[in-house]
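Enquirer: Let me begin by handing over the structure; questions about it come next.
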Amino acid sequence: MSLVTTDWLYENLNNVKIIDSTWHMPKTKRDGYKEYLKSHIKNSLFFDIDECSKKNTDLPHMLVDQGEWEKIVSNMGIRNDDLIVIYDNSDLISSCRCWYNFIYFGHNPKLIKILNGGLRKWKRENKETTEKLQDIKKTKYSANELKYLVKNKKQIDKNISVSKFKVIDARSLNRFKGLEEEPRKGLRSGSIENSYCLPFNECINNNTNEFLESQKLEEKFNKIINDTKDINIIFTCGSGVTAAVLAFALFLVNNKYLPIIYDGSWSEYGKYPS
């Protein structure tokens, strides 16, 4: 199972690599790294989604190239055969985006887990946190980029007429329908033609910050894609973060599925004339 419980992690703190990938939307005025420095799970390493994204672009959270990814992960002291548990303290469940990055660059999906409930659940259970930073011994990580797990705008546009895959948008229904303005300036309201909407937070129990049970997730996806065994599903959102939440949710239902994301998402698509 790709989800682990807080109790499981507590019992295995010294047997896995732990990553805190907390990230917040700019409008929250919260700083994930500062929060990490004040309080994190023992042995945690910090993964900064903004810093670990492509720099020479005006689009947020775009994937880096393979060489840069190898450098990032090597500097975190992670090896190719490490079992990794990712958590966050984010409203947007940014651990899923970190999970997607590792999958995209070829880490064995069986070796990447997400902490169900994240840091919020960990703290609610009064499990210990620390300010102490983990000593890091650099490694030599080797990536294997799976380029088919990302789509670009040209492919998205072509699919509107040929319909080779389904596109599911993780944004709110009002944003999808163009009934409210986008939080990022310079973007029109609306959505990709012929795409579907499943707001990412519908896959999560707001009270516990845990993913819904597999059967309930399957019911939600079945309303859109009819067959959860379909692996030709593409996810999009505002900037590529919450799209990964839906991708992970579908993976929980069908472990044959590997996450495919339109990385530019509406931050790119919304710039273009409709």
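For the structure tokens, the naming scheme is as follows: chains receive sequential letters (A, B, ...) according to their order of presentation, residues are indexed from 1 within each chain, and ligands are indexed from 1 in presentation order.
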Taking the DSSP secondary structure from the backbone, can you list the residues of segment 86-237 of chain A that are alpha helix (DSSP H), as a ChimeraX atom specification?
Expert: /A:95-104,118-124,153-162,173-177,214-225
Enquirer: Can you tell me, as a ChimeraX atom specification, what residues are no more than 10 Å from Asp91 of chain A when counting only C-alpha atoms, ignoring any on the same chain fewer than 6 positions away?
Expert: /A:22-25,28,201,206,209,242
Enquirer: Write the residues of the selection above to a file with N, CA, C and O atoms, as an mmCIF file, in the first residue's frame.
Expert:
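So the final result, stored in result_29.cif, reads:
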data_model
loop_
_atom_site.group_PDB
_atom_site.id
_atom_site.type_symbol
_atom_site.label_atom_id
_atom_site.label_comp_id
_atom_site.auth_asym_id
_atom_site.auth_seq_id
_atom_site.Cartn_x
_atom_site.Cartn_y
_atom_site.Cartn_z
ATOM 1 N N THR A 22 6.242 20.172 2.783
ATOM 2 C CA THR A 22 5.244 21.209 3.031
ATOM 3 C C THR A 22 5.413 22.401 2.089
ATOM 4 O O THR A 22 6.503 22.941 1.922
ATOM 5 N N TRP A 23 4.290 22.783 1.480
ATOM 6 C CA TRP A 23 4.250 23.937 0.571
ATOM 7 C C TRP A 23 2.872 24.575 0.673
ATOM 8 O O TRP A 23 1.867 23.886 0.803
ATOM 9 N N HIS A 24 2.841 25.902 0.625
ATOM 10 C CA HIS A 24 1.573 26.618 0.731
ATOM 11 C C HIS A 24 1.407 27.590 -0.430
ATOM 12 O O HIS A 24 2.388 28.138 -0.954
ATOM 13 N N MET A 25 0.153 27.815 -0.817
ATOM 14 C CA MET A 25 -0.131 28.838 -1.822
ATOM 15 C C MET A 25 0.344 30.196 -1.302
ATOM 16 O O MET A 25 0.225 30.485 -0.105
ATOM 17 N N THR A 28 -1.556 32.398 1.285
ATOM 18 C CA THR A 28 -1.651 32.020 2.695
ATOM 19 C C THR A 28 -0.611 32.737 3.559
ATOM 20 O O THR A 28 -0.738 32.799 4.774
ATOM 21 N N ASN A 201 -9.991 18.109 -3.246
ATOM 22 C CA ASN A 201 -10.367 17.949 -1.840
ATOM 23 C C ASN A 201 -11.544 16.993 -1.644
ATOM 24 O O ASN A 201 -11.822 16.583 -0.522
ATOM 25 N N ASN A 206 -11.838 15.956 5.187
ATOM 26 C CA ASN A 206 -11.375 17.234 5.726
ATOM 27 C C ASN A 206 -11.141 17.193 7.228
ATOM 28 O O ASN A 206 -10.333 17.960 7.760
ATOM 29 N N ASN A 209 -7.813 14.783 7.440
ATOM 30 C CA ASN A 209 -6.754 15.039 6.454
ATOM 31 C C ASN A 209 -6.229 13.737 5.847
ATOM 32 O O ASN A 209 -5.099 13.668 5.365
ATOM 33 N N THR A 242 -1.973 20.113 -7.159
ATOM 34 C CA THR A 242 -3.135 19.315 -6.774
ATOM 35 C C THR A 242 -3.515 18.281 -7.833
ATOM 36 O O THR A 242 -4.230 17.326 -7.533
#
Enquirer: With only C-alpha atoms as the counted atoms, please give the residues lying no more than 9 Å from Phe176 of chain A, apart from itself and same-chain residues fewer than 5 positions off, as an MDAnalysis selection string.
Expert: chainID A and resid 169:171 189:192 196:197
Enquirer: Quick one: DSSP strand (DSSP E or B) residues in segment 8-250 of chain A, as a PyMOL selection string?
Expert: chain A and resi 17-20+40+44-46+84-87+112-115+130+150-151+166-169+196-197+204-205+210-211+233-236
Enquirer: Identify which of the residues A:Lys256, A:Thr208, A:Lys42, A:Leu217 lies closest to Glu125 of chain A, counting only C-alpha atoms when measuring atom-to-atom distances.
Expert: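 Checking each of A:Lys256, A:Thr208, A:Lys42, A:Leu217 against Glu125 of chain A, counting only C-alpha atoms, the winner is A:Thr208.
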Enquirer: Name the closest residue to Leu187 of chain A among the candidates A:Glu35, A:Asp20, A:Glu268, A:Asp65; distances are taken between atoms, counting only C-alpha atoms.
Expert: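 When distances to Leu187 of chain A are compared using only C-alpha atoms, the smallest one comes from A:Glu268.
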Enquirer: Using only C-alpha atoms, what does the table of segment 182-251 of chain A residues within 9 Å of segment 163-168 of chain A look like, with each row giving the shortest atom pair and its distance in Å to one decimal, sorted by chain and ascending number, as JSON lines?
Expert:
{"residue": "A:Ile192", "atom": "CA", "partner": "A:Val167", "partner_atom": "CA", "distance": 8.2}
{"residue": "A:Asn194", "atom": "CA", "partner": "A:Val167", "partner_atom": "CA", "distance": 7.7}
{"residue": "A:Ser195", "atom": "CA", "partner": "A:Val167", "partner_atom": "CA", "distance": 4.9}
{"residue": "A:Tyr196", "atom": "CA", "partner": "A:Ile168", "partner_atom": "CA", "distance": 4.7}
{"residue": "A:Cys197", "atom": "CA", "partner": "A:Ile168", "partner_atom": "CA", "distance": 5.5}
{"residue": "A:Leu198", "atom": "CA", "partner": "A:Ile168", "partner_atom": "CA", "distance": 6.6}
{"residue": "A:Ile224", "atom": "CA", "partner": "A:Ile168", "partner_atom": "CA", "distance": 8.4}
{"residue": "A:Ile225", "atom": "CA", "partner": "A:Lys166", "partner_atom": "CA", "distance": 7.6}
{"residue": "A:Asn232", "atom": "CA", "partner": "A:Phe165", "partner_atom": "CA", "distance": 5.4}
{"residue": "A:Ile233", "atom": "CA", "partner": "A:Lys166", "partner_atom": "CA", "distance": 5.2}
{"residue": "A:Ile234", "atom": "CA", "partner": "A:Val167", "partner_atom": "CA", "distance": 4.8}
{"residue": "A:Phe235", "atom": "CA", "partner": "A:Ile168", "partner_atom": "CA", "distance": 4.9}
{"residue": "A:Thr236", "atom": "CA", "partner": "A:Ile168", "partner_atom": "CA", "distance": 6.2}
{"residue": "A:Cys237", "atom": "CA", "partner": "A:Ile168", "partner_atom": "CA", "distance": 8.3}
{"residue": "A:Ala243", "atom": "CA", "partner": "A:Ile168", "partner_atom": "CA", "distance": 8.3}
{"residue": "A:Leu246", "atom": "CA", "partner": "A:Ile168", "partner_atom": "CA", "distance": 8.5}
Enquirer: Which neighbours of Glu131 of chain A fall inside 6 Å, counting only C-alpha atoms, when residues of the same chain fewer than 5 positions from it are skipped, and could you give them as a list in words?
Expert: Leu37, Lys38 and Ser39 of chain A
Enquirer: Could you list, as a PyMOL selection string, every residue within 12 Å of Asn89 of chain A, counting only C-alpha atoms and ignoring same-chain residues fewer than 6 positions away?
Expert: chain A and resi 19-24+30-36+39-41+46+95-96+115-123+209
Enquirer: At most 12 Å is the cut-off: for each residue in segment 42-102 of chain A with any atom that close to an atom of segment 2-13 of chain A, write down the nearest atom pair and the distance in Å rounded to one decimal, counting only C-alpha atoms, chain first then increasing number, as a tab-separated table.
Expert:
residue	atom	partner	partner_atom	distance
A:Lys42	CA	A:Leu13	CA	7.2
A:Asn43	CA	A:Leu13	CA	7.2
A:Ser44	CA	A:Leu13	CA	9.2
A:Leu83	CA	A:Asn12	CA	10.7
A:Ile84	CA	A:Ser2	CA	10.3
A:Val85	CA	A:Val4	CA	8.0
A:Ile86	CA	A:Leu3	CA	9.6
A:Tyr87	CA	A:Val4	CA	10.1
A:Ser95	CA	A:Leu3	CA	11.3
A:Cys96	CA	A:Leu3	CA	10.9
A:Trp99	CA	A:Ser2	CA	10.1
Enquirer: Just to be explicit: take each residue in the selection above, keep N, CA and C atoms, and write the result as a compact mmCIF listing (two decimals), in the first residue's frame.
Expert:
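Saved as again-v7.txt:
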# COMPACT_ATOMS: atom_id res chain seq x y z
N LYS A 42 10.99 13.52 13.40
CA LYS A 42 12.39 13.13 13.56
C LYS A 42 12.94 12.50 12.28
N ASN A 43 14.15 12.88 11.93
CA ASN A 43 14.90 12.36 10.77
C ASN A 43 14.41 12.91 9.43
N SER A 44 13.47 13.85 9.47
CA SER A 44 12.92 14.37 8.21
C SER A 44 13.91 15.23 7.46
N LEU A 83 13.59 3.23 0.88
CA LEU A 83 12.16 3.33 1.10
C LEU A 83 11.88 4.73 1.63
N ILE A 84 11.01 5.46 0.95
CA ILE A 84 10.78 6.87 1.25
C ILE A 84 9.35 7.07 1.74
N VAL A 85 9.20 7.83 2.82
CA VAL A 85 7.88 8.25 3.29
C VAL A 85 7.82 9.77 3.23
N ILE A 86 6.80 10.26 2.53
CA ILE A 86 6.64 11.70 2.32
C ILE A 86 5.44 12.19 3.12
N TYR A 87 5.59 13.33 3.78
CA TYR A 87 4.45 13.94 4.45
C TYR A 87 4.48 15.44 4.22
N SER A 95 2.63 16.65 -0.56
CA SER A 95 3.37 15.39 -0.56
C SER A 95 3.11 14.61 -1.85
N CYS A 96 1.92 14.77 -2.41
CA CYS A 96 1.59 14.05 -3.65
C CYS A 96 2.42 14.57 -4.83
N TRP A 99 5.78 13.03 -4.42
CA TRP A 99 5.64 11.63 -4.84
C TRP A 99 5.69 11.52 -6.36
Enquirer: Kindly indicate which residue among A:Phe105, A:Phe221, A:Tyr257, A:Phe211 lies nearest to Ile93 of chain A, using only C-alpha atoms for the distances.
Expert: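 Distance minimum relative to Ile93 of chain A lands on A:Phe211.
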Enquirer: Within 12 Å of Gln215 of chain A, counting only C-alpha atoms, which residues show up once you throw out same-chain ones fewer than 4 positions away? Write them as a PyMOL selection string, please.
Expert: chain A and resi 203+211+219-222+228+249-250+252-254
Enquirer: Output C-alpha atoms for every residue in the selection just made, as a PDB file, in the first residue's frame.
Expert:
ATOM      1  CA  CYS A 203     -10.770  12.760  -2.307  1.00  0.00           C
ATOM      2  CA  PHE A 211      -7.573  10.013   1.856  1.00  0.00           C
ATOM      3  CA  GLU A 219     -16.949   5.648  -6.922  1.00  0.00           C
ATOM      4  CA  LYS A 220     -15.833   9.217  -7.546  1.00  0.00           C
ATOM      5  CA  PHE A 221     -13.604   8.268 -10.468  1.00  0.00           C
ATOM      6  CA  ASN A 222     -16.209   5.962 -11.971  1.00  0.00           C
ATOM      7  CA  THR A 228     -10.752   2.866 -13.086  1.00  0.00           C
ATOM      8  CA  ALA A 249      -5.855   8.899  -5.508  1.00  0.00           C
ATOM      9  CA  LEU A 250      -6.317   6.991  -8.780  1.00  0.00           C
ATOM     10  CA  LEU A 252      -4.660   3.989  -4.731  1.00  0.00           C
ATOM     11  CA  VAL A 253      -7.577   2.553  -6.684  1.00  0.00           C
ATOM     12  CA  ASN A 254      -5.500   1.075  -9.515  1.00  0.00           C
TER      13      ASN A 254
END
Enquirer: When you look at Val73 of chain A with a cut-off of 9 Å (counting only C-alpha atoms), what residues show up, excluding the ones that are within fewer than 6 positions of it in the same chain? I need them as a PDB file with C-alpha atoms, in the first residue's frame.
Expert:
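Saved as selection.pdb:
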ATOM      1  CA  ARG A  79      19.726   6.267  -2.568  1.00  0.00           C
ATOM      2  CA  LYS A 138      25.493  12.944   0.086  1.00  0.00           C
ATOM      3  CA  THR A 139      24.875  10.034  -2.240  1.00  0.00           C
ATOM      4  CA  LYS A 140      25.079   9.463  -5.979  1.00  0.00           C
ATOM      5  CA  TYR A 141      21.472   9.042  -7.027  1.00  0.00           C
ATOM      6  CA  SER A 142      20.724   7.821 -10.552  1.00  0.00           C
TER       7      SER A 142
END
Enquirer: Please compute the atom CA of Thr129 of chain A-atom CA of Ser214 of chain A distance, one decimal, in Å.
Expert: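 It comes out at 29.6 Å.
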